[in-house]
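**Student:** Input: one structure, supplied below.
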Amino acid sequence: MVQRITVDLGKRYQQIEHFGASGAWSIDVIGKRWSEPSKRRLADLLFSREHGIGLSAWRFAIGSGGAEGEELPEPLKWRGYTECFKPAADADYDWSAHEGQRWFLEAARSRGVGHFIAMAYAPPKWMAKNGRISPDDRCGQSNLEDGRIGEFAAFLADVLQHFQEAGTPFDTVSPVNEPSWSWNDSHQEGNRYTNDQIKAIVRALHGEIERRGLSCAIDIAEAAEIAALLDDEDVQAIRPQSTHYAGHNNSAHYGGKYREYVKDFLGDPDFAPLIGRKLSYHAYWADRDDVDDRLVAYRRALRETIKRHAPQARLWQTEFCNLNADGPGRDLGIDTALYVARVIHHDLVEAQVSSWQWWLAVSPHDYKDGLIYTDYARPGDPETIFPSKTLWALGHYSRFVRPGAERVECAGADDTRGVMASAYAHDRDRTVTIVIVHYGQNDATLSLAGERLPETMDVYRTTADDEVNVRHEGTWRKGEPLFVPGRSLVTLHGSG
């Protein structure tokens, strides 16, 4: 049986801005300790279109200066011990901090990455009520000390100004991360903020950026889950009688509001321009099709919420990893890669995000959180590099769907347990890309139709075979059937 897929280049949806990943924590250690050849190999895998996946965005974590992780065994220490450009309230700025991340920032730029996001997972610990990188239950609504919002905004603006003057500017700054999450007694940087506190931070930061003449957009809210963006009644419609997700928990425990971000941020005509009429979310707990059908239902509800409050708004998906959803431990193979690719597909097609970003670029953990893994933990250990199939799954998008491309209509393949396909046209480059995710076990034969498809397109595949990673495997000619192996990713890319 031949499955027919129809591409309509005339029907356009969102413009793609970039695909990215985070350099949080592990990159600081690796960039500082590792040899140049090993670092260059990692940089090529992440940023090069010829030797790797060609990411077009890179995230830089502005550390809060935590130290409570010192008692943790490696590599968990990497999550709890971070440097800070300003280590104390009365200290001078130390621009030699974050040596490792700065190395990879330059490596990304030199390999053609064009978009850079500065991210603060928590305020500097000397601004925190408890003097730590994460709150505890006694901190109330937030761990940021009362009256220090302006100081926090000035700190972030100082960092942005330094990098702009150094010739390595950030085009986006993200001042809060998963603010609806409680973060109590966490061993990694984090902080909760009410909606009103987020608005106050954005207003103060926007004022600093304007006064200094910096060129940098503000991204919020890096919501931990799509539910935090939806109106309460929409969450109830998907999960009846549900009042136990993070935003509700914080409101019930500390007072204040930690949810309904689309309504409160994008629906506020005075506030929405300060954030470029855009919101960001993380795809956690919205990655399965067998639990309230969150894979599809949440994203469709999100689009309806956007239409209701801010029809012209943009969305970014800015952090995701598997969270061991299908079993504990690392998986370098095709199963997790396909699981992730299915999430990417639905974020692009159903939520219509214009940017998709992964969590840890390099992970030292026995967890499904890395594109690349290492067993390195301390000086003297081998500088091991283990690329995962998830790296190459993201590469099917990041290598070929370049900034400025637009998603176009692609009908006939939206089976969450079978074949899923999305298509993209880049008018400036005169290219068309079709990315196919085949989640099923059995091989498939596809018929591709579309009046303005290129006459020929290069075919790239990733399968369970260790040697088949975005590998060029010939040419598809218009009118020919396309063979897609079970449990694989296949991308067609052509010009004309």
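Order determines the names: the first chain of the structure tokens is A, the second B, and so forth; residues in each chain are numbered 1 upward, and ligands are numbered 1 upward as they are shown.
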Find the spatial neighbours of A:Ser56, counting only C-alpha atoms, within a cut-off of 12 Å - ignore same-chain residues fewer than 5 positions away - and output them as a PyMOL selection string.

**Tutor:** chain A and resi 16-22+46-49+108-117+355-357+394-395+397-404

**Student:** So that I can check the surroundings of stretch 360-369 of chain A, please list as a ChimeraX atom specification every protein, DNA and RNA residue that reaches within 6 Å of it, counting only C-alpha atoms and ignoring chain neighbours fewer than 5 positions away.

**Tutor:** /A:21-22,321-322,324,329-330,374-375

**Student:** Can you tell me, as a PyMOL selection string, which residues in stretch 147-358 of chain A count as helix (DSSP H, G or I) by DSSP?

**Tutor:** chain A and resi 149-165+195-212+226-228+232-238+246-254+261-266+272-275+294-309+334-351

**Student:** Could you tell me which of A:Leu214, A:Ile53, A:Val343, A:Ala43 comes closest to A:Arg471 if we count only C-alpha atoms?

**Tutor:**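 Looking only at the distances to A:Arg471, the closest residue turns out to be A:Ile53.
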
**Student:** From the options A:Met127, A:Ala421, A:Ile238, A:Met1, which residue's atoms come nearest to A:Asp293, counting only C-alpha atoms?

**Tutor:**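 Ranked by minimum distance to A:Asp293, first place goes to A:Ile238.
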
**Student:** Mind checking which residues fall within 7 Å of A:Trp183, counting only C-alpha atoms, ignoring those fewer than 3 positions away in the same chain, and posting them as a PDB file with N, CA and C atoms, in the first residue's frame?

**Tutor:**
```pdb
ATOM      1  N   SER A 134      18.607  28.168  44.712  1.00  0.00           N
ATOM      2  CA  SER A 134      17.222  27.755  44.580  1.00  0.00           C
ATOM      3  C   SER A 134      16.487  28.077  45.882  1.00  0.00           C
ATOM      4  N   PRO A 135      15.173  28.254  45.816  1.00  0.00           N
ATOM      5  CA  PRO A 135      14.424  28.636  47.012  1.00  0.00           C
ATOM      6  C   PRO A 135      14.148  27.452  47.926  1.00  0.00           C
ATOM      7  N   SER A 186      16.211  22.567  45.379  1.00  0.00           N
ATOM      8  CA  SER A 186      16.791  21.931  44.200  1.00  0.00           C
ATOM      9  C   SER A 186      18.306  22.047  44.242  1.00  0.00           C
ATOM     10  N   GLY A 190      17.411  27.660  39.998  1.00  0.00           N
ATOM     11  CA  GLY A 190      16.009  27.831  39.654  1.00  0.00           C
ATOM     12  C   GLY A 190      15.343  28.796  40.607  1.00  0.00           C
ATOM     13  N   ASN A 191      14.219  29.368  40.173  1.00  0.00           N
ATOM     14  CA  ASN A 191      13.480  30.286  41.023  1.00  0.00           C
ATOM     15  C   ASN A 191      12.067  30.418  40.499  1.00  0.00           C
ATOM     16  N   ARG A 192      11.135  30.578  41.404  1.00  0.00           N
ATOM     17  CA  ARG A 192       9.749  30.815  41.019  1.00  0.00           C
ATOM     18  C   ARG A 192       9.449  32.315  41.059  1.00  0.00           C
TER      19      ARG A 192
END
```

**Student:** Counting only C-alpha atoms, what is within 12 Å of stretch 79-92 of chain A, bar same-chain residues fewer than 5 positions away, as a PDB file with N, CA, C and O atoms, in the first residue's frame?

**Tutor:**
```pdb
ATOM      1  N   GLY A  23      23.973  25.443  26.451  1.00  0.00           N
ATOM      2  CA  GLY A  23      25.326  25.180  26.925  1.00  0.00           C
ATOM      3  C   GLY A  23      25.427  25.211  28.443  1.00  0.00           C
ATOM      4  O   GLY A  23      26.509  25.440  28.981  1.00  0.00           O
ATOM      5  N   ALA A  24      24.308  24.982  29.117  1.00  0.00           N
ATOM      6  CA  ALA A  24      24.301  25.082  30.578  1.00  0.00           C
ATOM      7  C   ALA A  24      25.237  24.063  31.226  1.00  0.00           C
ATOM      8  O   ALA A  24      25.294  22.911  30.812  1.00  0.00           O
ATOM      9  N   TRP A  25      25.997  24.534  32.223  1.00  0.00           N
ATOM     10  CA  TRP A  25      26.699  23.746  33.219  1.00  0.00           C
ATOM     11  C   TRP A  25      27.797  22.847  32.667  1.00  0.00           C
ATOM     12  O   TRP A  25      28.971  23.117  32.870  1.00  0.00           O
ATOM     13  N   SER A  26      27.458  21.804  31.951  1.00  0.00           N
ATOM     14  CA  SER A  26      28.492  20.876  31.487  1.00  0.00           C
ATOM     15  C   SER A  26      29.453  21.550  30.514  1.00  0.00           C
ATOM     16  O   SER A  26      30.647  21.245  30.501  1.00  0.00           O
ATOM     17  N   ILE A  27      28.955  22.476  29.703  1.00  0.00           N
ATOM     18  CA  ILE A  27      29.816  23.148  28.734  1.00  0.00           C
ATOM     19  C   ILE A  27      30.836  24.037  29.435  1.00  0.00           C
ATOM     20  O   ILE A  27      31.972  24.201  28.965  1.00  0.00           O
ATOM     21  N   ASP A  28      30.472  24.618  30.576  1.00  0.00           N
ATOM     22  CA  ASP A  28      31.452  25.392  31.339  1.00  0.00           C
ATOM     23  C   ASP A  28      32.615  24.515  31.778  1.00  0.00           C
ATOM     24  O   ASP A  28      33.775  24.908  31.707  1.00  0.00           O
ATOM     25  N   VAL A  29      32.310  23.317  32.243  1.00  0.00           N
ATOM     26  CA  VAL A  29      33.356  22.393  32.697  1.00  0.00           C
ATOM     27  C   VAL A  29      34.190  21.908  31.515  1.00  0.00           C
ATOM     28  O   VAL A  29      35.421  21.945  31.533  1.00  0.00           O
ATOM     29  N   ALA A  61      24.251  30.166  29.589  1.00  0.00           N
ATOM     30  CA  ALA A  61      23.696  30.250  30.933  1.00  0.00           C
ATOM     31  C   ALA A  61      24.494  31.228  31.785  1.00  0.00           C
ATOM     32  O   ALA A  61      25.677  31.018  32.048  1.00  0.00           O
ATOM     33  N   ILE A  62      23.856  32.320  32.216  1.00  0.00           N
ATOM     34  CA  ILE A  62      24.474  33.293  33.111  1.00  0.00           C
ATOM     35  C   ILE A  62      24.346  32.754  34.529  1.00  0.00           C
ATOM     36  O   ILE A  62      23.260  32.741  35.111  1.00  0.00           O
ATOM     37  N   GLY A  63      25.434  32.278  35.088  1.00  0.00           N
ATOM     38  CA  GLY A  63      25.389  31.589  36.370  1.00  0.00           C
ATOM     39  C   GLY A  63      25.071  32.499  37.542  1.00  0.00           C
ATOM     40  O   GLY A  63      25.315  33.702  37.519  1.00  0.00           O
ATOM     41  N   SER A  64      24.551  31.868  38.605  1.00  0.00           N
ATOM     42  CA  SER A  64      24.162  32.599  39.806  1.00  0.00           C
ATOM     43  C   SER A  64      25.198  32.494  40.918  1.00  0.00           C
ATOM     44  O   SER A  64      25.026  33.077  41.977  1.00  0.00           O
ATOM     45  N   GLY A  65      26.277  31.720  40.662  1.00  0.00           N
ATOM     46  CA  GLY A  65      27.344  31.636  41.653  1.00  0.00           C
ATOM     47  C   GLY A  65      27.086  30.653  42.767  1.00  0.00           C
ATOM     48  O   GLY A  65      27.580  30.816  43.879  1.00  0.00           O
ATOM     49  N   GLY A  66      26.329  29.610  42.505  1.00  0.00           N
ATOM     50  CA  GLY A  66      25.999  28.653  43.553  1.00  0.00           C
ATOM     51  C   GLY A  66      27.181  27.814  43.977  1.00  0.00           C
ATOM     52  O   GLY A  66      28.114  27.588  43.217  1.00  0.00           O
ATOM     53  N   ALA A  67      27.147  27.331  45.228  1.00  0.00           N
ATOM     54  CA  ALA A  67      28.239  26.502  45.725  1.00  0.00           C
ATOM     55  C   ALA A  67      27.751  25.320  46.539  1.00  0.00           C
ATOM     56  O   ALA A  67      28.563  24.508  46.964  1.00  0.00           O
ATOM     57  N   GLU A  68      26.434  25.204  46.764  1.00  0.00           N
ATOM     58  CA  GLU A  68      25.989  24.098  47.606  1.00  0.00           C
ATOM     59  C   GLU A  68      26.214  22.749  46.958  1.00  0.00           C
ATOM     60  O   GLU A  68      26.223  21.728  47.617  1.00  0.00           O
ATOM     61  N   GLY A  69      26.428  22.724  45.639  1.00  0.00           N
ATOM     62  CA  GLY A  69      26.696  21.471  44.954  1.00  0.00           C
ATOM     63  C   GLY A  69      28.086  20.929  45.204  1.00  0.00           C
ATOM     64  O   GLY A  69      28.421  19.842  44.727  1.00  0.00           O
ATOM     65  N   GLU A  70      28.929  21.639  45.935  1.00  0.00           N
ATOM     66  CA  GLU A  70      30.300  21.186  46.149  1.00  0.00           C
ATOM     67  C   GLU A  70      30.358  19.836  46.852  1.00  0.00           C
ATOM     68  O   GLU A  70      31.308  19.091  46.696  1.00  0.00           O
ATOM     69  N   GLU A  71      29.339  19.521  47.641  1.00  0.00           N
ATOM     70  CA  GLU A  71      29.349  18.256  48.367  1.00  0.00           C
ATOM     71  C   GLU A  71      28.755  17.112  47.555  1.00  0.00           C
ATOM     72  O   GLU A  71      28.747  15.982  48.009  1.00  0.00           O
ATOM     73  N   LEU A  72      28.257  17.420  46.375  1.00  0.00           N
ATOM     74  CA  LEU A  72      27.676  16.389  45.541  1.00  0.00           C
ATOM     75  C   LEU A  72      28.768  15.652  44.774  1.00  0.00           C
ATOM     76  O   LEU A  72      29.795  16.229  44.431  1.00  0.00           O
ATOM     77  N   PRO A  73      28.557  14.364  44.495  1.00  0.00           N
ATOM     78  CA  PRO A  73      29.527  13.652  43.660  1.00  0.00           C
ATOM     79  C   PRO A  73      29.471  14.135  42.229  1.00  0.00           C
ATOM     80  O   PRO A  73      28.442  14.609  41.752  1.00  0.00           O
ATOM     81  N   GLU A  74      30.610  14.073  41.538  1.00  0.00           N
ATOM     82  CA  GLU A  74      30.605  14.351  40.113  1.00  0.00           C
ATOM     83  C   GLU A  74      29.797  13.246  39.435  1.00  0.00           C
ATOM     84  O   GLU A  74      29.806  12.101  39.868  1.00  0.00           O
ATOM     85  N   ALA A  97      35.022  34.830  34.115  1.00  0.00           N
ATOM     86  CA  ALA A  97      34.138  33.723  34.496  1.00  0.00           C
ATOM     87  C   ALA A  97      33.521  33.091  33.249  1.00  0.00           C
ATOM     88  O   ALA A  97      33.513  33.670  32.169  1.00  0.00           O
ATOM     89  N   HIS A  98      32.999  31.908  33.429  1.00  0.00           N
ATOM     90  CA  HIS A  98      32.355  31.160  32.340  1.00  0.00           C
ATOM     91  C   HIS A  98      33.308  30.966  31.163  1.00  0.00           C
ATOM     92  O   HIS A  98      32.924  31.092  29.993  1.00  0.00           O
ATOM     93  N   GLU A  99      34.545  30.620  31.481  1.00  0.00           N
ATOM     94  CA  GLU A  99      35.547  30.421  30.432  1.00  0.00           C
ATOM     95  C   GLU A  99      35.106  29.359  29.431  1.00  0.00           C
ATOM     96  O   GLU A  99      35.285  29.509  28.220  1.00  0.00           O
ATOM     97  N   GLY A 100      34.549  28.274  29.934  1.00  0.00           N
ATOM     98  CA  GLY A 100      34.136  27.185  29.049  1.00  0.00           C
ATOM     99  C   GLY A 100      33.015  27.582  28.119  1.00  0.00           C
ATOM    100  O   GLY A 100      33.048  27.305  26.908  1.00  0.00           O
ATOM    101  N   GLN A 101      32.003  28.232  28.656  1.00  0.00           N
ATOM    102  CA  GLN A 101      30.898  28.674  27.807  1.00  0.00           C
ATOM    103  C   GLN A 101      31.350  29.725  26.806  1.00  0.00           C
ATOM    104  O   GLN A 101      30.869  29.761  25.672  1.00  0.00           O
ATOM    105  N   ALA A 120      19.185  33.394  32.347  1.00  0.00           N
ATOM    106  CA  ALA A 120      19.422  33.391  33.795  1.00  0.00           C
ATOM    107  C   ALA A 120      18.451  32.417  34.440  1.00  0.00           C
ATOM    108  O   ALA A 120      17.247  32.688  34.509  1.00  0.00           O
ATOM    109  N   TYR A 121      18.960  31.285  34.903  1.00  0.00           N
ATOM    110  CA  TYR A 121      18.098  30.301  35.550  1.00  0.00           C
ATOM    111  C   TYR A 121      17.691  30.744  36.950  1.00  0.00           C
ATOM    112  O   TYR A 121      16.682  30.301  37.483  1.00  0.00           O
ATOM    113  N   ALA A 122      18.488  31.607  37.557  1.00  0.00           N
ATOM    114  CA  ALA A 122      18.196  32.162  38.881  1.00  0.00           C
ATOM    115  C   ALA A 122      18.970  33.464  39.019  1.00  0.00           C
ATOM    116  O   ALA A 122      19.971  33.676  38.338  1.00  0.00           O
ATOM    117  N   PRO A 123      18.540  34.354  39.904  1.00  0.00           N
ATOM    118  CA  PRO A 123      19.336  35.555  40.149  1.00  0.00           C
ATOM    119  C   PRO A 123      20.624  35.196  40.877  1.00  0.00           C
ATOM    120  O   PRO A 123      20.728  34.115  41.468  1.00  0.00           O
ATOM    121  N   PRO A 124      21.637  36.072  40.850  1.00  0.00           N
ATOM    122  CA  PRO A 124      22.842  35.807  41.638  1.00  0.00           C
ATOM    123  C   PRO A 124      22.470  35.475  43.082  1.00  0.00           C
ATOM    124  O   PRO A 124      21.557  36.084  43.651  1.00  0.00           O
ATOM    125  N   LYS A 125      23.170  34.515  43.669  1.00  0.00           N
ATOM    126  CA  LYS A 125      22.747  34.039  44.994  1.00  0.00           C
ATOM    127  C   LYS A 125      22.819  35.137  46.049  1.00  0.00           C
ATOM    128  O   LYS A 125      22.116  35.073  47.055  1.00  0.00           O
ATOM    129  N   TRP A 126      23.622  36.181  45.798  1.00  0.00           N
ATOM    130  CA  TRP A 126      23.673  37.268  46.769  1.00  0.00           C
ATOM    131  C   TRP A 126      22.449  38.176  46.684  1.00  0.00           C
ATOM    132  O   TRP A 126      22.271  39.062  47.520  1.00  0.00           O
ATOM    133  N   MET A 127      21.579  37.944  45.696  1.00  0.00           N
ATOM    134  CA  MET A 127      20.288  38.633  45.653  1.00  0.00           C
ATOM    135  C   MET A 127      19.166  37.770  46.213  1.00  0.00           C
ATOM    136  O   MET A 127      18.027  38.224  46.297  1.00  0.00           O
ATOM    137  N   ALA A 128      19.472  36.531  46.577  1.00  0.00           N
ATOM    138  CA  ALA A 128      18.445  35.579  47.002  1.00  0.00           C
ATOM    139  C   ALA A 128      18.136  35.718  48.491  1.00  0.00           C
ATOM    140  O   ALA A 128      19.017  36.003  49.303  1.00  0.00           O
ATOM    141  N   GLY A 131      20.149  33.121  50.161  1.00  0.00           N
ATOM    142  CA  GLY A 131      21.556  33.076  49.797  1.00  0.00           C
ATOM    143  C   GLY A 131      21.960  31.862  49.009  1.00  0.00           C
ATOM    144  O   GLY A 131      23.145  31.515  48.950  1.00  0.00           O
ATOM    145  N   ARG A 132      20.996  31.210  48.344  1.00  0.00           N
ATOM    146  CA  ARG A 132      21.278  29.981  47.596  1.00  0.00           C
ATOM    147  C   ARG A 132      20.755  30.107  46.171  1.00  0.00           C
ATOM    148  O   ARG A 132      20.050  31.054  45.831  1.00  0.00           O
ATOM    149  N   ILE A 133      21.077  29.116  45.349  1.00  0.00           N
ATOM    150  CA  ILE A 133      20.704  29.154  43.939  1.00  0.00           C
ATOM    151  C   ILE A 133      19.281  28.684  43.695  1.00  0.00           C
ATOM    152  O   ILE A 133      18.786  28.769  42.569  1.00  0.00           O
ATOM    153  N   SER A 134      18.607  28.168  44.712  1.00  0.00           N
ATOM    154  CA  SER A 134      17.222  27.755  44.580  1.00  0.00           C
ATOM    155  C   SER A 134      16.487  28.077  45.882  1.00  0.00           C
ATOM    156  O   SER A 134      17.104  28.163  46.950  1.00  0.00           O
ATOM    157  N   ARG A 148      14.712  44.109  44.911  1.00  0.00           N
ATOM    158  CA  ARG A 148      15.949  43.968  44.134  1.00  0.00           C
ATOM    159  C   ARG A 148      15.694  43.669  42.649  1.00  0.00           C
ATOM    160  O   ARG A 148      16.611  43.275  41.927  1.00  0.00           O
ATOM    161  N   GLU A 151      17.824  45.895  40.554  1.00  0.00           N
ATOM    162  CA  GLU A 151      19.229  45.495  40.631  1.00  0.00           C
ATOM    163  C   GLU A 151      19.488  44.253  39.779  1.00  0.00           C
ATOM    164  O   GLU A 151      20.532  44.146  39.111  1.00  0.00           O
ATOM    165  N   PHE A 152      18.537  43.315  39.801  1.00  0.00           N
ATOM    166  CA  PHE A 152      18.656  42.118  38.972  1.00  0.00           C
ATOM    167  C   PHE A 152      18.649  42.501  37.490  1.00  0.00           C
ATOM    168  O   PHE A 152      19.468  42.008  36.696  1.00  0.00           O
ATOM    169  N   ALA A 154      19.552  45.345  36.208  1.00  0.00           N
ATOM    170  CA  ALA A 154      20.812  46.034  35.897  1.00  0.00           C
ATOM    171  C   ALA A 154      21.955  45.035  35.745  1.00  0.00           C
ATOM    172  O   ALA A 154      22.829  45.203  34.880  1.00  0.00           O
ATOM    173  N   PHE A 155      21.966  43.990  36.574  1.00  0.00           N
ATOM    174  CA  PHE A 155      22.990  42.937  36.456  1.00  0.00           C
ATOM    175  C   PHE A 155      22.916  42.284  35.079  1.00  0.00           C
ATOM    176  O   PHE A 155      23.946  42.126  34.395  1.00  0.00           O
ATOM    177  N   LEU A 156      21.732  41.902  34.660  1.00  0.00           N
ATOM    178  CA  LEU A 156      21.582  41.269  33.349  1.00  0.00           C
ATOM    179  C   LEU A 156      21.997  42.228  32.233  1.00  0.00           C
ATOM    180  O   LEU A 156      22.678  41.830  31.279  1.00  0.00           O
ATOM    181  N   ASP A 158      24.139  44.647  32.453  1.00  0.00           N
ATOM    182  CA  ASP A 158      25.597  44.777  32.477  1.00  0.00           C
ATOM    183  C   ASP A 158      26.250  43.655  31.672  1.00  0.00           C
ATOM    184  O   ASP A 158      27.213  43.876  30.930  1.00  0.00           O
ATOM    185  N   VAL A 159      25.720  42.429  31.834  1.00  0.00           N
ATOM    186  CA  VAL A 159      26.269  41.293  31.093  1.00  0.00           C
ATOM    187  C   VAL A 159      26.033  41.481  29.597  1.00  0.00           C
ATOM    188  O   VAL A 159      26.938  41.298  28.773  1.00  0.00           O
ATOM    189  N   LEU A 160      24.829  41.857  29.228  1.00  0.00           N
ATOM    190  CA  LEU A 160      24.523  42.078  27.814  1.00  0.00           C
ATOM    191  C   LEU A 160      25.406  43.162  27.222  1.00  0.00           C
ATOM    192  O   LEU A 160      25.921  43.025  26.106  1.00  0.00           O
ATOM    193  N   HIS A 162      28.368  44.146  28.227  1.00  0.00           N
ATOM    194  CA  HIS A 162      29.758  43.685  28.107  1.00  0.00           C
ATOM    195  C   HIS A 162      29.950  42.867  26.835  1.00  0.00           C
ATOM    196  O   HIS A 162      30.915  43.102  26.081  1.00  0.00           O
ATOM    197  N   PHE A 163      29.071  41.925  26.573  1.00  0.00           N
ATOM    198  CA  PHE A 163      29.243  41.068  25.400  1.00  0.00           C
ATOM    199  C   PHE A 163      29.014  41.853  24.108  1.00  0.00           C
ATOM    200  O   PHE A 163      29.675  41.581  23.100  1.00  0.00           O
ATOM    201  N   ASP A 185      14.503  23.565  47.322  1.00  0.00           N
ATOM    202  CA  ASP A 185      15.630  22.712  47.715  1.00  0.00           C
ATOM    203  C   ASP A 185      16.207  21.940  46.530  1.00  0.00           C
ATOM    204  O   ASP A 185      16.659  20.796  46.673  1.00  0.00           O
ATOM    205  N   SER A 186      16.211  22.567  45.379  1.00  0.00           N
ATOM    206  CA  SER A 186      16.791  21.931  44.200  1.00  0.00           C
ATOM    207  C   SER A 186      18.306  22.047  44.242  1.00  0.00           C
ATOM    208  O   SER A 186      18.864  22.982  44.804  1.00  0.00           O
ATOM    209  N   HIS A 187      18.998  21.096  43.632  1.00  0.00           N
ATOM    210  CA  HIS A 187      20.447  21.155  43.520  1.00  0.00           C
ATOM    211  C   HIS A 187      20.880  21.791  42.202  1.00  0.00           C
ATOM    212  O   HIS A 187      22.031  21.673  41.805  1.00  0.00           O
ATOM    213  N   GLN A 188      19.941  22.450  41.531  1.00  0.00           N
ATOM    214  CA  GLN A 188      20.312  23.204  40.344  1.00  0.00           C
ATOM    215  C   GLN A 188      19.640  24.567  40.406  1.00  0.00           C
ATOM    216  O   GLN A 188      18.684  24.781  41.155  1.00  0.00           O
ATOM    217  N   GLU A 189      20.168  25.494  39.618  1.00  0.00           N
ATOM    218  CA  GLU A 189      19.659  26.857  39.654  1.00  0.00           C
ATOM    219  C   GLU A 189      18.194  26.913  39.241  1.00  0.00           C
ATOM    220  O   GLU A 189      17.793  26.307  38.250  1.00  0.00           O
ATOM    221  N   GLY A 190      17.411  27.660  39.998  1.00  0.00           N
ATOM    222  CA  GLY A 190      16.009  27.831  39.654  1.00  0.00           C
ATOM    223  C   GLY A 190      15.343  28.796  40.607  1.00  0.00           C
ATOM    224  O   GLY A 190      15.818  29.032  41.724  1.00  0.00           O
ATOM    225  N   LEU A 360      20.193  19.948  27.327  1.00  0.00           N
ATOM    226  CA  LEU A 360      21.650  19.925  27.409  1.00  0.00           C
ATOM    227  C   LEU A 360      22.291  19.455  26.108  1.00  0.00           C
ATOM    228  O   LEU A 360      22.029  18.353  25.631  1.00  0.00           O
ATOM    229  N   SER A 363      25.735  16.000  27.930  1.00  0.00           N
ATOM    230  CA  SER A 363      25.328  15.540  29.256  1.00  0.00           C
ATOM    231  C   SER A 363      26.315  14.525  29.819  1.00  0.00           C
ATOM    232  O   SER A 363      26.721  13.595  29.120  1.00  0.00           O
ATOM    233  N   PRO A 364      26.672  14.663  31.132  1.00  0.00           N
ATOM    234  CA  PRO A 364      27.480  13.642  31.795  1.00  0.00           C
ATOM    235  C   PRO A 364      26.619  12.655  32.575  1.00  0.00           C
ATOM    236  O   PRO A 364      27.150  11.831  33.320  1.00  0.00           O
ATOM    237  N   HIS A 365      25.298  12.733  32.420  1.00  0.00           N
ATOM    238  CA  HIS A 365      24.381  11.993  33.284  1.00  0.00           C
ATOM    239  C   HIS A 365      23.914  10.688  32.650  1.00  0.00           C
ATOM    240  O   HIS A 365      23.942  10.524  31.427  1.00  0.00           O
TER     241      HIS A 365
END
```

**Student:** Would you please work out which residue, of A:Asp290, A:Glu304, A:Glu222, A:Asp196, is nearest to A:Tyr258 when using only C-alpha atoms?

**Tutor:**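 Among A:Asp290, A:Glu304, A:Glu222, A:Asp196, it is A:Asp196 that comes nearest to A:Tyr258.
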
**Student:** Nearest to A:Leu295 among A:Tyr339, A:Tyr424, A:Phe271, A:Tyr439, with distances taken over only C-alpha atoms: which residue is it?

**Tutor:**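 Looking at the shortest contact to A:Leu295, the residue is A:Tyr339.
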